[in-house]
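Trainee: Before we start, here is the structure in question, set down as structure tokens.
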Amino acid sequence: MSSTTTPQNDVPHIPVMLPEVLRAMNLNEGEVAIDATFGAGGYSRALLHTGAQVVAIDRDPTAIAAGQEIVDEFEGRLTLSHGCFSDLDRLAIEAGHSQVDAVVADIGVSSMQIDQADRGFSFQKDGPLDMRMEMTGPTAADVVNTFERPDLTRIIGILGDERQASRISAEIVERRAKTPFETTLQLAKCVEDVLGRKAKDRIHPATRTFQALRIFVNRELDELAEALLASERILKPGGRLVVVTFHSLEDRLVKRFLQDRSEVSGGSRHLPQVDTKDLTFKQIKRGAVSASKEEAAINPRSRSAKLRSAIRTECAIGEIDRSVFGLPRLAELATGGKR
Ligand SMILES: C[S@@+](CC[C@H](N)C(=O)[O-])C[C@H]1O[C@@H](n2cnc3c(N)ncnc32)[C@H](O)[C@@H]1O
């Protein structure tokens with residue numbers, strides 16, 4: 001297993017569930033794979049070692065820049081594309097592949113992004129309250145300083161699964177009236193002051209609030225939903241889709257999509273089963289796969305990982321209905337929530 005280090009602090013990003021990913025990708029020499037989340041290139045490297053060609057995508061320009069040495073090492077078999085995975089079919093076509101044999105996505109942020117204080121993802125390191133993977137568009141500070149309190153409550157409550165969202169948003173609104181939020185530690189302290197911190201707490205009280213803001217700022221759930229639809233379009237029959245997620249909102253989205261695409265909905269006992277839906281995927285295993293005990297012991301990040309995979313069938317894609325994802329209705333806040 002390879003790991004790549006950041007120039008700043010030499011903390012490696014350890015690829016999560018790599019053996020399980022490789023097994024599900026089932027690549028043969030000469031096949032074409034998309035690594036939708038290049039990061040430190042841990043998956044891409046391993047895919048390249050199977051002899052496959054890889055189109056690797058990342059929305060973070062620093063990840064793409066750092067990956068150039070892997071491009072050189074594999075002599076033309078790796079194409080790096082800066083962009084969002086919602087667009088992965090277009091990016092693959094641009095790289096010369098109208099169909100691919102496998103797609104993998106490892107959702108979330110990399111250790112390098114969290115470790116670099118100036119990216120503003122960490123409540124443990126002081127930095128600008130930013131959290132933008134792509135370094136464009138509104139920052140987390142913009143959201144915290146300008147959104148109406150009910151919108152902040154919804155974001156923190158829904159995307160952070162935070163039961164105390166209303167109390168946190170009240171305190172944010174009170175504090176920002178005196179001093180706008182600029183740094184990660186300012187927000188972390190604000191949340192900690194609201195929730196308190198007990199010695200037995202396993203996670204920092206600001207964990208859920210930071211997660212919510214990060215997901216919102218980067219439109220992560222919409223991105224994931226669109227990436228699943230794009231994979232459905234670009235995978236050839238027999239092509240494999242492999243997704244690793246780290247929290248329940250994301251896993252639920254993948255689960256709902258695969259259930260919709262791979263299961264004939266059960267009819268009543270008394271009625272004939274009628275389902276004309278096109279089943280574009282076949283799931284090898286119905287449930288999610290978790291990291292092994294051994295991996296969980298070494299890499300704490302892997303403990304919450306869930307891997308789901310499916311194989312593209314020959315069925316043509318039917319009408320697209322995004323309600324299958326059950327996405328929370330938050331997108332309108334991004335434009336309409338400003339004061
Ligand atoms: C968990 S890391 C991937 C680590 C990688 N598998 C490895 O082994 O090094 C996730 C990466 O996906 C990127 N990312 C997140 N959302 C994205 C999106 N919507 N489009 C493209 N890249 C995205 C992040 O910038 C980050 O570099």
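By convention here, the chains of the structure tokens are called A, B, ... in the order presented, each chain's residues are numbered starting at 1, and ligands are numbered starting at 1 in the order presented.
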Residues at most 7 Å from ligand 1, using only C-alpha atoms and all ligand atoms? Could they come as a ChimeraX atom specification?
Mentor: /A:13-16,36-43,57-60,63,83-86,106-110,133,220,223-224
Trainee: To test your reading of the structure, identify every residue in stretch 26-76 of chain A that backbone DSSP assigns to strand (DSSP E), and report it as an MDAnalysis selection string.
Mentor: chainID A and resid 32:35 53:58
Trainee: Report as a PDB file with N, CA and C atoms, in the first residue's frame all protein, DNA and RNA residues lying within 9 Å of A:Asp251, evaluated on only C-alpha atoms, omitting residues in the same chain fewer than 4 positions from it.
Mentor:
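Output saved as part05.pdb:
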```pdb
ATOM      1  N   VAL A 243     -17.946   2.771  -4.381  1.00  0.00           N
ATOM      2  CA  VAL A 243     -18.006   4.048  -3.657  1.00  0.00           C
ATOM      3  C   VAL A 243     -17.710   3.808  -2.178  1.00  0.00           C
ATOM      4  N   VAL A 244     -16.776   4.596  -1.646  1.00  0.00           N
ATOM      5  CA  VAL A 244     -16.453   4.520  -0.213  1.00  0.00           C
ATOM      6  C   VAL A 244     -16.929   5.823   0.424  1.00  0.00           C
ATOM      7  N   THR A 245     -17.764   5.703   1.445  1.00  0.00           N
ATOM      8  CA  THR A 245     -18.274   6.909   2.117  1.00  0.00           C
ATOM      9  C   THR A 245     -17.907   6.854   3.599  1.00  0.00           C
ATOM     10  N   PHE A 246     -18.048   8.017   4.252  1.00  0.00           N
ATOM     11  CA  PHE A 246     -17.609   8.091   5.650  1.00  0.00           C
ATOM     12  C   PHE A 246     -18.687   8.555   6.620  1.00  0.00           C
ATOM     13  N   HIS A 247     -19.850   8.923   6.114  1.00  0.00           N
ATOM     14  CA  HIS A 247     -20.927   9.131   7.086  1.00  0.00           C
ATOM     15  C   HIS A 247     -22.273   8.781   6.507  1.00  0.00           C
ATOM     16  N   LYS A 255     -26.798   4.031  -1.154  1.00  0.00           N
ATOM     17  CA  LYS A 255     -27.661   2.871  -0.951  1.00  0.00           C
ATOM     18  C   LYS A 255     -28.994   3.044  -1.694  1.00  0.00           C
ATOM     19  N   ARG A 256     -29.580   4.228  -1.553  1.00  0.00           N
ATOM     20  CA  ARG A 256     -30.875   4.478  -2.202  1.00  0.00           C
ATOM     21  C   ARG A 256     -30.756   4.393  -3.713  1.00  0.00           C
ATOM     22  N   ALA A 288     -23.449  -2.817   2.840  1.00  0.00           N
ATOM     23  CA  ALA A 288     -22.145  -2.163   2.694  1.00  0.00           C
ATOM     24  C   ALA A 288     -21.074  -3.039   3.335  1.00  0.00           C
ATOM     25  N   LYS A 306     -17.661   2.945   4.639  1.00  0.00           N
ATOM     26  CA  LYS A 306     -18.599   1.948   4.101  1.00  0.00           C
ATOM     27  C   LYS A 306     -18.368   1.862   2.595  1.00  0.00           C
ATOM     28  N   LEU A 307     -18.176   0.659   2.119  1.00  0.00           N
ATOM     29  CA  LEU A 307     -17.949   0.485   0.674  1.00  0.00           C
ATOM     30  C   LEU A 307     -19.173  -0.200   0.066  1.00  0.00           C
ATOM     31  N   ARG A 308     -19.673   0.385  -1.006  1.00  0.00           N
ATOM     32  CA  ARG A 308     -20.746  -0.260  -1.781  1.00  0.00           C
ATOM     33  C   ARG A 308     -20.283  -0.380  -3.225  1.00  0.00           C
TER      34      ARG A 308
END
```
Trainee: Nearest residue to A:Pro138 out of A:Val217, A:Ile298, A:Met17, A:Met112, using only C-alpha atoms?
Mentor: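 Selected residue with least distance to A:Pro138: A:Val217.
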Trainee: Set the distance at 12 Å and use only C-alpha atoms: which residues neighbour A:Val194 once local chain neighbours fewer than 4 positions away are removed? I'd like the list as a ChimeraX atom specification.
Mentor: /A:164-172,174-175,187-190,205-206,209
Trainee: Write the residues of the selection above to a file with N, CA and C atoms, as a short mmCIF file (atom, residue, chain, number, x, y, z; two decimals), in the first residue's frame.
Mentor:
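File written: selection_39.cif
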```cif
data_model
loop_
_atom_site.label_atom_id
_atom_site.label_comp_id
_atom_site.auth_asym_id
_atom_site.auth_seq_id
_atom_site.Cartn_x
_atom_site.Cartn_y
_atom_site.Cartn_z
N GLN A 164 -28.17 19.85 18.82
CA GLN A 164 -28.15 21.17 19.46
C GLN A 164 -27.97 22.29 18.44
N ALA A 165 -28.34 22.03 17.20
CA ALA A 165 -28.09 23.01 16.12
C ALA A 165 -28.72 24.37 16.43
N SER A 166 -29.88 24.37 17.01
CA SER A 166 -30.57 25.63 17.24
C SER A 166 -29.82 26.49 18.27
N ARG A 167 -29.31 25.86 19.30
CA ARG A 167 -28.53 26.60 20.31
C ARG A 167 -27.22 27.11 19.71
N ILE A 168 -26.62 26.29 18.88
CA ILE A 168 -25.34 26.70 18.26
C ILE A 168 -25.57 27.89 17.33
N SER A 169 -26.62 27.82 16.51
CA SER A 169 -26.85 28.92 15.56
C SER A 169 -27.21 30.21 16.31
N ALA A 170 -27.91 30.08 17.42
CA ALA A 170 -28.24 31.28 18.21
C ALA A 170 -26.96 31.96 18.70
N GLU A 171 -26.03 31.16 19.17
CA GLU A 171 -24.77 31.71 19.69
C GLU A 171 -23.93 32.31 18.55
N ILE A 172 -23.95 31.64 17.41
CA ILE A 172 -23.20 32.17 16.26
C ILE A 172 -23.73 33.56 15.90
N GLU A 174 -25.35 35.67 17.72
CA GLU A 174 -25.05 36.67 18.76
C GLU A 174 -23.59 37.14 18.66
N ARG A 175 -22.69 36.17 18.50
CA ARG A 175 -21.26 36.53 18.47
C ARG A 175 -20.89 37.31 17.22
N LEU A 187 -14.73 29.64 15.69
CA LEU A 187 -15.98 28.87 15.59
C LEU A 187 -15.94 27.65 16.52
N ALA A 188 -14.79 26.98 16.57
CA ALA A 188 -14.68 25.80 17.43
C ALA A 188 -14.96 26.17 18.89
N LYS A 189 -14.43 27.33 19.30
CA LYS A 189 -14.61 27.79 20.69
C LYS A 189 -16.08 28.13 20.93
N CYS A 190 -16.70 28.76 19.95
CA CYS A 190 -18.11 29.13 20.08
C CYS A 190 -18.96 27.87 20.31
N PRO A 205 -16.56 18.75 20.47
CA PRO A 205 -17.95 19.18 20.29
C PRO A 205 -18.21 19.88 18.95
N ALA A 206 -17.18 20.43 18.33
CA ALA A 206 -17.40 21.14 17.05
C ALA A 206 -17.36 20.22 15.83
N THR A 209 -20.57 20.32 13.65
CA THR A 209 -20.80 21.64 13.02
C THR A 209 -19.83 21.83 11.86
#
```
Trainee: So, with only C-alpha atoms as the atoms that count, which of A:Leu129, A:Ala105, A:Glu94, A:Leu330 lies closest to A:Leu152?
Mentor: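 Among A:Leu129, A:Ala105, A:Glu94, A:Leu330, it is A:Leu330 that comes nearest to A:Leu152.
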